[in-house]
file protein-v8.tsv (TSV, C-alpha atoms and all ligand atoms)
chain	number	residue	atom	x	y	z
A	1	MET	CA	23.78	-7.98	10.22
A	2	GLU	CA	25.93	-9.86	12.63
A	3	ILE	CA	24.55	-13.33	13.31
A	4	ILE	CA	25.79	-14.73	16.62
A	5	ILE	CA	24.92	-18.39	17.14
A	6	HIS	CA	25.37	-20.04	20.53
A	7	SER	CA	24.48	-23.50	21.71
A	8	SER	CA	21.87	-22.45	24.26
A	9	PRO	CA	19.63	-19.52	25.16
A	10	GLU	CA	21.74	-19.08	28.31
A	11	THR	CA	25.05	-18.55	26.49
A	12	SER	CA	23.36	-16.46	23.82
A	13	THR	CA	21.83	-14.27	26.52
A	14	GLN	CA	25.26	-13.76	28.10
A	15	VAL	CA	26.45	-12.18	24.85
A	16	ALA	CA	23.38	-9.94	24.64
A	17	ALA	CA	23.87	-8.92	28.28
A	18	ARG	CA	27.50	-7.97	27.62
A	19	ILE	CA	26.40	-5.76	24.71
A	20	VAL	CA	23.82	-3.95	26.88
A	21	ALA	CA	26.20	-3.70	29.86
A	22	ARG	CA	28.94	-2.22	27.72
A	23	LEU	CA	26.58	0.48	26.46
A	24	LEU	CA	25.44	1.36	30.00
A	25	ARG	CA	29.03	1.60	31.19
A	26	GLU	CA	30.14	3.70	28.22
A	27	LYS	CA	27.02	5.89	28.18
A	28	PRO	CA	25.38	6.10	31.62
A	29	ALA	CA	22.52	8.20	30.20
A	30	ALA	CA	21.79	5.73	27.41
A	31	VAL	CA	18.33	5.39	25.87
A	32	LEU	CA	17.22	1.76	25.69
A	33	GLY	CA	14.34	0.33	23.69
A	34	LEU	CA	12.93	-2.63	25.60
A	35	ALA	CA	10.98	-5.70	24.58
A	36	THR	CA	8.66	-8.08	26.39
A	37	GLY	CA	7.71	-11.74	25.84
A	38	SER	CA	9.54	-14.87	26.89
A	39	THR	CA	12.74	-14.17	24.94
A	40	PRO	CA	14.18	-11.21	26.94
A	41	LEU	CA	13.27	-12.67	30.36
A	42	ARG	CA	16.66	-14.32	30.87
A	43	LEU	CA	18.42	-11.18	29.70
A	44	TYR	CA	16.63	-9.08	32.30
A	45	ARG	CA	17.59	-11.56	35.02
A	46	VAL	CA	21.25	-11.46	33.95
A	47	LEU	CA	21.25	-7.65	33.77
A	48	ILE	CA	19.72	-7.41	37.25
A	49	ASN	CA	22.49	-9.65	38.62
A	50	MET	CA	25.15	-7.47	36.97
A	51	GLU	CA	24.12	-4.62	39.29
A	52	LEU	CA	24.56	-1.95	36.63
A	53	ASP	CA	23.82	1.70	37.27
A	54	TRP	CA	20.47	2.54	35.67
A	55	SER	CA	20.00	5.88	37.46
A	56	MET	CA	20.42	7.95	34.29
A	57	VAL	CA	19.05	5.46	31.77
A	58	THR	CA	15.87	6.23	29.82
A	59	THR	CA	13.70	3.42	28.44
A	60	PHE	CA	11.00	3.11	25.80
A	61	ASN	CA	9.05	-0.10	25.46
A	62	LEU	CA	8.10	-1.37	22.05
A	63	ASP	CA	4.46	-2.12	22.61
A	64	GLU	CA	1.46	-2.67	24.85
A	65	TYR	CA	-1.96	-4.27	24.60
A	66	ILE	CA	-4.92	-1.91	24.24
A	67	GLY	CA	-7.59	-2.07	26.91
A	68	LEU	CA	-5.79	-4.03	29.63
A	69	PRO	CA	-5.53	-2.15	32.92
A	70	PRO	CA	-1.83	-1.38	33.60
A	71	ASP	CA	-1.94	-3.68	36.66
A	72	HIS	CA	-3.38	-6.62	34.67
A	73	PRO	CA	-1.03	-9.60	35.12
A	74	GLN	CA	-0.45	-9.80	31.34
A	75	SER	CA	0.00	-6.10	30.62
A	76	TYR	CA	3.48	-5.15	29.53
A	77	HIS	CA	3.51	-2.57	32.32
A	78	THR	CA	3.24	-5.41	34.81
A	79	PHE	CA	5.77	-7.50	32.88
A	80	MET	CA	8.37	-4.75	32.91
A	81	TRP	CA	7.96	-3.88	36.58
A	82	GLU	CA	8.01	-7.51	37.69
A	83	ASN	CA	10.89	-8.60	35.52
A	84	LEU	CA	13.14	-5.56	35.43
A	85	PHE	CA	12.18	-2.15	36.76
A	86	SER	CA	11.47	-3.07	40.38
A	87	HIS	CA	14.90	-4.73	40.62
A	88	ILE	CA	17.08	-1.88	39.32
A	89	ASN	CA	17.80	1.72	40.32
A	90	ILE	CA	16.00	3.29	37.36
A	91	ASP	CA	14.23	6.64	37.78
A	92	LYS	CA	10.48	6.08	37.31
A	93	GLU	CA	10.31	9.36	35.37
A	94	ASN	CA	12.58	7.90	32.70
A	95	ILE	CA	10.39	4.86	31.95
A	96	HIS	CA	8.09	4.98	28.93
A	97	ILE	CA	5.62	2.25	28.04
A	98	PRO	CA	2.80	2.82	25.53
A	99	ASP	CA	-0.47	3.62	27.30
A	100	GLY	CA	-2.97	1.04	26.10
A	101	ASN	CA	-5.73	2.98	27.85
A	102	ALA	CA	-5.02	6.37	26.27
A	103	LYS	CA	-8.28	8.15	25.42
A	104	ASP	CA	-6.92	9.42	22.13
A	105	ILE	CA	-4.63	6.70	20.79
A	106	PRO	CA	-3.34	8.49	17.65
A	107	GLU	CA	-2.50	11.53	19.78
A	108	PHE	CA	-0.72	9.35	22.32
A	109	CYS	CA	1.27	7.62	19.56
A	110	GLY	CA	2.41	10.96	18.12
A	111	LYS	CA	3.49	12.03	21.60
A	112	TYR	CA	5.44	8.79	22.10
A	113	GLU	CA	7.38	9.44	18.90
A	114	LYS	CA	8.15	12.99	20.08
A	115	GLN	CA	9.34	11.70	23.45
A	116	ILE	CA	11.76	9.30	21.74
A	117	ARG	CA	13.13	12.14	19.64
A	118	ALA	CA	13.35	14.49	22.65
A	119	ALA	CA	15.37	11.84	24.51
A	120	GLY	CA	17.89	11.93	21.65
A	121	GLY	CA	16.73	8.73	19.94
A	122	ILE	CA	17.20	5.11	20.98
A	123	ASP	CA	20.79	3.94	21.40
A	124	LEU	CA	19.99	0.26	21.56
A	125	GLN	CA	16.69	-1.41	20.77
A	126	LEU	CA	16.06	-4.94	22.03
A	127	LEU	CA	13.86	-7.06	19.80
A	128	GLY	CA	12.25	-10.47	19.89
A	129	ILE	CA	10.71	-11.93	16.77
A	130	GLY	CA	7.31	-13.53	16.27
A	131	THR	CA	6.95	-16.86	14.51
A	132	ASP	CA	5.51	-14.78	11.65
A	133	GLY	CA	8.52	-12.45	11.61
A	134	HIS	CA	6.91	-9.57	13.49
A	135	ILE	CA	9.08	-7.14	15.44
A	136	GLY	CA	7.36	-5.14	18.13
A	137	PHE	CA	3.79	-5.94	17.14
A	138	ASN	CA	4.38	-4.99	13.52
A	139	GLU	CA	2.60	-7.88	11.89
A	140	PRO	CA	3.29	-9.07	8.32
A	141	THR	CA	2.44	-6.42	5.69
A	142	SER	CA	3.06	-3.59	8.16
A	143	SER	CA	4.45	-0.58	6.36
A	144	LEU	CA	8.22	-0.64	6.51
A	145	ALA	CA	8.03	3.12	7.16
A	146	SER	CA	5.39	2.88	9.91
A	147	ARG	CA	5.51	4.89	13.13
A	148	THR	CA	4.03	4.20	16.56
A	149	ARG	CA	0.37	3.38	16.04
A	150	ILE	CA	-2.48	0.97	16.71
A	151	LYS	CA	-2.24	-2.50	15.12
A	152	THR	CA	-4.56	-5.49	15.01
A	153	LEU	CA	-2.86	-8.75	15.89
A	154	THR	CA	-3.00	-11.70	13.53
A	155	GLN	CA	-4.86	-14.79	14.69
A	156	LYS	CA	-1.49	-16.57	14.75
A	157	THR	CA	-0.06	-14.07	17.23
A	158	CYS	CA	-3.21	-14.33	19.36
A	159	ARG	CA	-2.75	-18.12	19.34
A	160	ASP	CA	1.00	-17.79	20.13
A	161	ASN	CA	0.24	-15.46	23.06
A	162	ALA	CA	-2.72	-17.46	24.40
A	163	ARG	CA	-0.23	-19.34	26.59
A	164	PHE	CA	0.15	-16.21	28.72
A	165	PHE	CA	-3.59	-15.55	29.03
A	166	GLY	CA	-5.13	-19.00	29.45
A	167	SER	CA	-7.15	-18.86	26.24
A	168	GLU	CA	-6.94	-17.27	22.79
A	169	GLN	CA	-10.20	-15.38	23.39
A	170	GLU	CA	-8.66	-13.47	26.28
A	171	VAL	CA	-5.76	-12.08	24.20
A	172	PRO	CA	-6.54	-8.45	23.28
A	173	LYS	CA	-6.70	-8.07	19.52
A	174	HIS	CA	-5.41	-4.51	19.44
A	175	VAL	CA	-2.08	-3.10	20.50
A	176	ILE	CA	0.03	0.03	20.34
A	177	THR	CA	3.42	-0.65	18.81
A	178	MET	CA	6.42	1.39	17.76
A	179	GLY	CA	6.50	1.33	13.97
A	180	ILE	CA	9.10	-0.32	11.79
A	181	GLY	CA	10.30	3.15	10.81
A	182	THR	CA	10.70	3.95	14.52
A	183	ILE	CA	12.71	0.77	15.12
A	184	MET	CA	14.89	1.49	12.08
A	185	GLU	CA	15.95	4.80	13.63
A	186	ALA	CA	17.52	3.14	16.68
A	187	HIS	CA	21.31	3.40	16.58
A	188	MET	CA	21.65	-0.35	17.18
A	189	ASN	CA	19.15	-3.19	17.08
A	190	LEU	CA	19.75	-6.35	19.11
A	191	LEU	CA	17.41	-9.15	18.09
A	192	MET	CA	17.21	-12.33	20.15
A	193	ALA	CA	15.46	-15.58	19.20
A	194	PHE	CA	15.54	-19.00	20.78
A	195	GLY	CA	14.00	-22.31	19.80
A	196	GLU	CA	13.10	-24.25	16.69
A	197	ASN	CA	9.74	-22.48	16.33
A	198	LYS	CA	11.65	-19.28	15.43
A	199	ALA	CA	13.89	-20.97	12.82
A	200	THR	CA	11.78	-20.15	9.77
A	201	ALA	CA	11.17	-16.53	10.82
A	202	ILE	CA	14.92	-16.08	11.44
A	203	ALA	CA	15.96	-17.69	8.14
A	204	GLU	CA	13.53	-15.47	6.22
A	205	ALA	CA	14.56	-12.35	8.15
A	206	VAL	CA	18.30	-12.91	7.66
A	207	GLU	CA	18.55	-14.62	4.28
A	208	GLY	CA	15.24	-13.94	2.57
A	209	PRO	CA	14.24	-10.89	0.55
A	210	VAL	CA	13.43	-7.65	2.35
A	211	THR	CA	9.67	-7.80	2.51
A	212	SER	CA	6.87	-6.62	4.76
A	213	ILE	CA	5.66	-10.25	4.80
A	214	ASN	CA	8.54	-10.82	7.23
A	215	PRO	CA	8.86	-7.43	8.98
A	216	ALA	CA	12.17	-8.39	10.65
A	217	SER	CA	13.76	-8.71	7.18
A	218	VAL	CA	13.84	-4.90	7.01
A	219	LEU	CA	16.72	-5.06	9.50
A	220	GLN	CA	18.90	-6.05	6.54
A	221	MET	CA	18.68	-2.35	5.66
A	222	HIS	CA	19.83	-1.21	9.11
A	223	PRO	CA	23.51	-0.34	9.57
A	224	LEU	CA	24.01	-1.95	13.01
A	225	VAL	CA	22.12	-5.11	13.90
A	226	LYS	CA	23.20	-8.00	16.10
A	227	VAL	CA	21.17	-11.20	16.05
A	228	CYS	CA	21.75	-13.42	19.09
A	229	ILE	CA	20.23	-16.86	18.51
A	230	ASP	CA	20.59	-20.42	19.74
A	231	GLU	CA	21.27	-23.44	17.53
A	232	PRO	CA	17.60	-24.47	17.11
A	233	ALA	CA	16.65	-20.93	16.00
A	234	ALA	CA	19.62	-21.01	13.60
A	235	SER	CA	18.75	-24.43	12.20
A	236	ARG	CA	17.27	-23.17	8.92
A	237	LEU	CA	20.01	-20.68	8.07
A	238	LYS	CA	21.82	-21.71	4.90
A	239	ARG	CA	24.99	-19.81	5.77
A	240	ALA	CA	25.21	-20.65	9.46
A	241	ASP	CA	28.77	-21.96	9.04
A	242	TYR	CA	29.85	-18.62	7.67
A	243	TYR	CA	28.28	-16.74	10.60
A	244	ARG	CA	30.07	-19.07	13.05
A	245	TRP	CA	33.35	-18.52	11.16
A	246	VAL	CA	32.94	-14.75	11.31
A	247	TYR	CA	32.27	-14.87	15.06
A	248	GLU	CA	35.22	-17.18	15.77
A	249	ASN	CA	37.52	-14.88	13.80
A	250	LYS	CA	36.39	-11.55	15.18
A	251	PRO	CA	39.24	-9.12	15.66
A	252	ALA	CA	39.93	-8.68	19.39
A	253	TRP	CA	38.74	-5.05	19.36
A	254	GLN	CA	35.34	-6.16	18.07
A	255	THR	CA	34.59	-8.76	20.75
A	256	PHE	CA	31.97	-8.18	23.41
A	301	LIG	P1	8.39	-14.37	22.57
A	301	LIG	O1	7.68	-13.32	21.61
A	301	LIG	O2	9.65	-13.72	23.06
A	301	LIG	O3	7.41	-14.62	23.66
A	301	LIG	O4	8.68	-15.58	21.75
A	301	LIG	C1	8.45	-12.62	20.67
A	301	LIG	C2	7.55	-11.72	19.86
A	301	LIG	O5	6.38	-12.08	19.64
A	301	LIG	O6	8.02	-10.67	19.43

call {"tool": "encode", "arguments": {"input": "protein-v8.tsv", "output": "C-alpha cells"}}
result
Amino acid sequence: MEIIIHSSPETSTQVAARIVARLLREKPAAVLGLATGSTPLRLYRVLINMELDWSMVTTFNLDEYIGLPPDHPQSYHTFMWENLFSHINIDKENIHIPDGNAKDIPEFCGKYEKQIRAAGGIDLQLLGIGTDGHIGFNEPTSSLASRTRIKTLTQKTCRDNARFFGSEQEVPKHVITMGIGTIMEAHMNLLMAFGENKATAIAEAVEGPVTSINPASVLQMHPLVKVCIDEPAASRLKRADYYRWVYENKPAWQTF
C-alpha cells in the first residue's frame, strides 16, 4: 500500500486526479471503477476541468441503493450523471451502474460480474471508505471473497448517509454492491479519505490486522493500492512519518 498524505482534500485530490488522468492518457480504452459519496466529488470536478478524452472509457460503479427510482435525487445514477457523466464525452453505452430496480437481483448481480470480465476487468477502481471501514457497501463481516450481491446496510451507515436524505428513515436499507472479491480483482485500487471521522477506519485498514471487521483492511493483500488522504484522516496512523518520508523520496520515475 502506498499511503499519500497531503495537507488538504484539495491537494490530495490533485494527486488522485493525476493518477486517473495518466491512466486515461496511456490507455484511452481504460476500464474505470467509480465510487459515489462526498469523497470523490472534488475528484470528478477536477477531472471534468482536465478535459480528458472519455470517448473510449468504460465505467462500472461500485454500488446502488435498491428500490430508488434511477431519477431519485439520491440514487447513484443521478449522482453520477450530475457530477460526472453529463460533463464528459463518455459513450452512454459504456456506463454501468448496478440496477437497484432489477426484478431478479441475484441474476442481475451475476450479469454485472460477467460484464466486468467481458470488459477485460477494471484497470483502476476508485474507493471511498465508510467510518466503519466499508468499501463499496461491503459492511463489516462481509466475506472477503464476496462478489456483486445484495447487502443490508448497518444502522451506522444509514445514520452516516441520512445527511443526504433528510432523515435516517428515508435511507434505503438494501443495496447492490460489488463484492470485496470483485474489488480485489481490479488492477489498481485508489482509496481516498478526508476528515477526522475517517481516521480510525483508515488506521485500522492500513495498520490493523486483515479482518472482515474492517473490510478495507483486505487491501493490504492487494498488489497495487494507493491511499490518498488528508492530515485529519491520517491523524491516527502510527507510521505516518514513514509514509511521508517514502513519498518525499520517491524516485522520479515513480512520481505522478
Ligand atoms: P463518503 O462515503 O465519501 O460520503 O464519506 C464513503 C463511503 O461510505 O464509502

call {"tool": "closest_atom_pairs", "arguments": {"input": "protein-v8.tsv", "of": "chain A", "to": "ligand LIG 301 (chain A)", "cutoff": "8 Å", "atoms": "only C-alpha atoms and all ligand atoms", "output": "tab-separated table"}}
result
residue	atom	partner	partner_atom	distance
A:Ala35	CA	A:LIG301	O6	7.7
A:Thr36	CA	A:LIG301	O2	6.6
A:Gly37	CA	A:LIG301	O3	3.6
A:Ser38	CA	A:LIG301	O3	3.9
A:Thr39	CA	A:LIG301	O2	3.6
A:Pro40	CA	A:LIG301	O2	6.5
A:Leu127	CA	A:LIG301	O6	6.9
A:Gly128	CA	A:LIG301	O6	4.3
A:Ile129	CA	A:LIG301	O6	4.0
A:Gly130	CA	A:LIG301	O5	3.8
A:Thr131	CA	A:LIG301	O5	7.0
A:His134	CA	A:LIG301	O6	6.1
A:Ile135	CA	A:LIG301	O6	5.4
A:Gly136	CA	A:LIG301	O6	5.7
A:Phe137	CA	A:LIG301	O6	6.7
A:Thr157	CA	A:LIG301	O5	7.2
A:Asp160	CA	A:LIG301	O5	7.9
A:Asn161	CA	A:LIG301	O3	7.2
A:Ala193	CA	A:LIG301	O2	7.2
A:Phe194	CA	A:LIG301	O4	7.7
A:Lys198	CA	A:LIG301	O4	7.9

call {"tool": "residues_around", "arguments": {"input": "protein-v8.tsv", "residues": "region 237-251 of chain A", "least_positions_apart": "6", "cutoff": "9 Å", "atoms": "all atoms listed in the file", "output": "NGL selection string"}}
result
:A and (2-6 or 199-200 or 202-204 or 206-207)

call {"tool": "atom_distance", "arguments": {"input": "protein-v8.tsv", "atom1": "CA of Leu62 (chain A)", "atom2": "CA of Gln115 (chain A)"}}
result
13.2 Å

call {"tool": "residues_near_point", "arguments": {"input": "protein-v8.tsv", "point": "(4.1, -1.4, 25.3)", "cutoff": "10 Å", "atoms": "only C-alpha atoms", "output": "PyMOL selection string"}}
result
chain A and resi 34-36+60-66+75-77+79-80+96-100+136-137+175-178

call {"tool": "residues_around", "arguments": {"input": "protein-v8.tsv", "residues": "Ser142 (chain A)", "least_positions_apart": "6", "cutoff": "9 Å", "atoms": "all atoms listed in the file", "output": "MDAnalysis selection string"}}
result
chainID A and resid 134 151 179:180 212:213 215

call {"tool": "write_last_selection", "arguments": {"input": "protein-v8.tsv", "atoms": "C-alpha atoms", "output": "compact mmCIF listing (two decimals), keeping the file's coordinate frame"}}
result
# COMPACT_ATOMS: atom_id res chain seq x y z
CA HIS A 134 6.91 -9.57 13.49
CA LYS A 151 -2.24 -2.50 15.12
CA GLY A 179 6.50 1.33 13.97
CA ILE A 180 9.10 -0.32 11.79
CA SER A 212 6.87 -6.62 4.76
CA ILE A 213 5.66 -10.25 4.80
CA PRO A 215 8.86 -7.43 8.98

call {"tool": "residues_near_point", "arguments": {"input": "protein-v8.tsv", "point": "(20.2, -3.4, 6.1)", "cutoff": "12 Å", "atoms": "all atoms listed in the file", "output": "list in words"}}
result
Met1, Glu2, Met184, Glu185, Met188, Asn189, Ala205, Val206, Glu207, Pro209, Val210, Thr211, Ala216, Ser217, Val218, Leu219, Gln220, Met221, His222, Pro223, Leu224, Val225 and Lys226 of chain A

call {"tool": "axis_aligned_box", "arguments": {"input": "protein-v8.tsv", "around": "region 206-216 of chain A", "padding_each_side": "4 Å", "output": "JSON"}}
result
{"center_x": 12.1, "center_y": -10.6, "center_z": 5.6, "size_x": 20.9, "size_y": 16.0, "size_z": 18.1}

call {"tool": "closest_residue", "arguments": {"input": "protein-v8.tsv", "among": "A:Leu84, A:Ile105, A:Leu191, A:Leu24", "to": "Leu41 (chain A)", "atoms": "all atoms listed in the file"}}
result
A:Leu84

call {"tool": "residues_around", "arguments": {"input": "protein-v8.tsv", "residues": "region 29-31 of chain A", "least_positions_apart": "3", "cutoff": "8 Å", "atoms": "only C-alpha atoms", "output": "PyMOL selection string"}}
result
chain A and resi 23-24+56-60+119-124

call {"tool": "closest_residue", "arguments": {"input": "protein-v8.tsv", "among": "A:Gly133, A:Pro140, A:Pro9, A:Pro232", "to": "Leu43 (chain A)", "atoms": "all atoms listed in the file"}}
result
A:Pro9

call {"tool": "decode", "arguments": {"input": "protein-v8.tsv", "residues": "region 139-230 of chain A", "atoms": "C-alpha atoms", "output": "CSV table (one decimal), in the first residue's frame"}}
result
chain,number,residue,atom,x,y,z
A,139,GLU,CA,-20.2,-3.7,5.5
A,140,PRO,CA,-18.1,-5.2,8.4
A,141,THR,CA,-18.1,-9.0,8.3
A,142,SER,CA,-18.7,-9.1,4.6
A,143,SER,CA,-16.9,-12.1,3.1
A,144,LEU,CA,-13.5,-11.1,1.8
A,145,ALA,CA,-14.2,-13.3,-1.2
A,146,SER,CA,-17.7,-11.8,-1.9
A,147,ARG,CA,-19.0,-10.9,-5.4
A,148,THR,CA,-21.6,-8.4,-6.5
A,149,ARG,CA,-24.7,-9.0,-4.5
A,150,ILE,CA,-27.4,-7.6,-2.2
A,151,LYS,CA,-26.3,-6.2,1.2
A,152,THR,CA,-28.1,-4.8,4.1
A,153,LEU,CA,-26.7,-1.6,5.4
A,154,THR,CA,-25.7,-1.2,9.1
A,155,GLN,CA,-27.6,1.3,11.2
A,156,LYS,CA,-24.3,3.3,11.4
A,157,THR,CA,-24.2,3.7,7.6
A,158,CYS,CA,-27.9,4.6,7.4
A,159,ARG,CA,-27.1,7.3,10.1
A,160,ASP,CA,-24.0,8.4,8.2
A,161,ASN,CA,-26.0,8.7,4.9
A,162,ALA,CA,-29.1,10.3,6.5
A,163,ARG,CA,-27.4,13.7,5.7
A,164,PHE,CA,-28.1,13.1,2.0
A,165,PHE,CA,-31.8,12.0,2.5
A,166,GLY,CA,-33.1,14.3,5.2
A,167,SER,CA,-33.7,11.6,7.7
A,168,GLU,CA,-32.4,8.1,8.6
A,169,GLN,CA,-35.7,6.5,7.9
A,170,GLU,CA,-35.6,7.6,4.3
A,171,VAL,CA,-32.2,5.8,3.7
A,172,PRO,CA,-32.9,2.5,1.8
A,173,LYS,CA,-31.6,-0.4,3.9
A,174,HIS,CA,-30.7,-2.6,1.0
A,175,VAL,CA,-28.1,-2.1,-1.7
A,176,ILE,CA,-26.4,-3.8,-4.6
A,177,THR,CA,-22.6,-3.7,-4.2
A,178,MET,CA,-19.6,-5.1,-6.0
A,179,GLY,CA,-18.1,-7.7,-3.6
A,180,ILE,CA,-14.7,-7.5,-1.9
A,181,GLY,CA,-13.5,-10.3,-4.2
A,182,THR,CA,-14.6,-8.1,-7.2
A,183,ILE,CA,-12.8,-5.1,-5.9
A,184,MET,CA,-9.7,-7.2,-5.2
A,185,GLU,CA,-9.5,-8.2,-8.9
A,186,ALA,CA,-9.1,-4.5,-10.1
A,187,HIS,CA,-5.6,-3.9,-11.4
A,188,MET,CA,-5.2,-0.9,-9.1
A,189,ASN,CA,-7.2,0.4,-6.2
A,190,LEU,CA,-7.2,4.1,-5.4
A,191,LEU,CA,-8.8,4.8,-2.0
A,192,MET,CA,-9.5,8.4,-0.9
A,193,ALA,CA,-10.5,9.5,2.6
A,194,PHE,CA,-10.7,13.0,4.1
A,195,GLY,CA,-11.5,14.2,7.6
A,196,GLU,CA,-11.0,13.2,11.2
A,197,ASN,CA,-14.1,11.0,11.1
A,198,LYS,CA,-12.3,8.6,8.8
A,199,ALA,CA,-9.1,8.5,10.9
A,200,THR,CA,-9.9,5.3,12.9
A,201,ALA,CA,-11.2,3.4,9.8
A,202,ILE,CA,-8.0,4.4,7.9
A,203,ALA,CA,-5.7,3.4,10.8
A,204,GLU,CA,-7.3,0.0,11.1
A,205,ALA,CA,-7.4,-0.5,7.3
A,206,VAL,CA,-3.7,0.4,6.9
A,207,GLU,CA,-2.1,-0.7,10.1
A,208,GLY,CA,-4.5,-3.2,11.7
A,209,PRO,CA,-4.9,-6.9,11.0
A,210,VAL,CA,-6.6,-8.0,7.8
A,211,THR,CA,-10.1,-8.7,9.0
A,212,SER,CA,-13.6,-8.5,7.7
A,213,ILE,CA,-14.5,-6.3,10.7
A,214,ASN,CA,-12.7,-3.6,8.7
A,215,PRO,CA,-13.3,-4.6,5.0
A,216,ALA,CA,-10.8,-2.0,3.7
A,217,SER,CA,-8.0,-3.9,5.5
A,218,VAL,CA,-8.2,-6.6,2.9
A,219,LEU,CA,-6.5,-4.1,0.5
A,220,GLN,CA,-3.3,-5.0,2.4
A,221,MET,CA,-3.4,-8.2,0.3
A,222,HIS,CA,-3.8,-6.3,-3.0
A,223,PRO,CA,-0.6,-5.7,-5.1
A,224,LEU,CA,-1.3,-2.1,-6.2
A,225,VAL,CA,-3.1,0.2,-3.8
A,226,LYS,CA,-2.8,4.0,-3.4
A,227,VAL,CA,-4.4,5.7,-0.4
A,228,CYS,CA,-4.8,9.4,-0.9
A,229,ILE,CA,-5.7,11.0,2.5
A,230,ASP,CA,-5.6,14.4,4.2
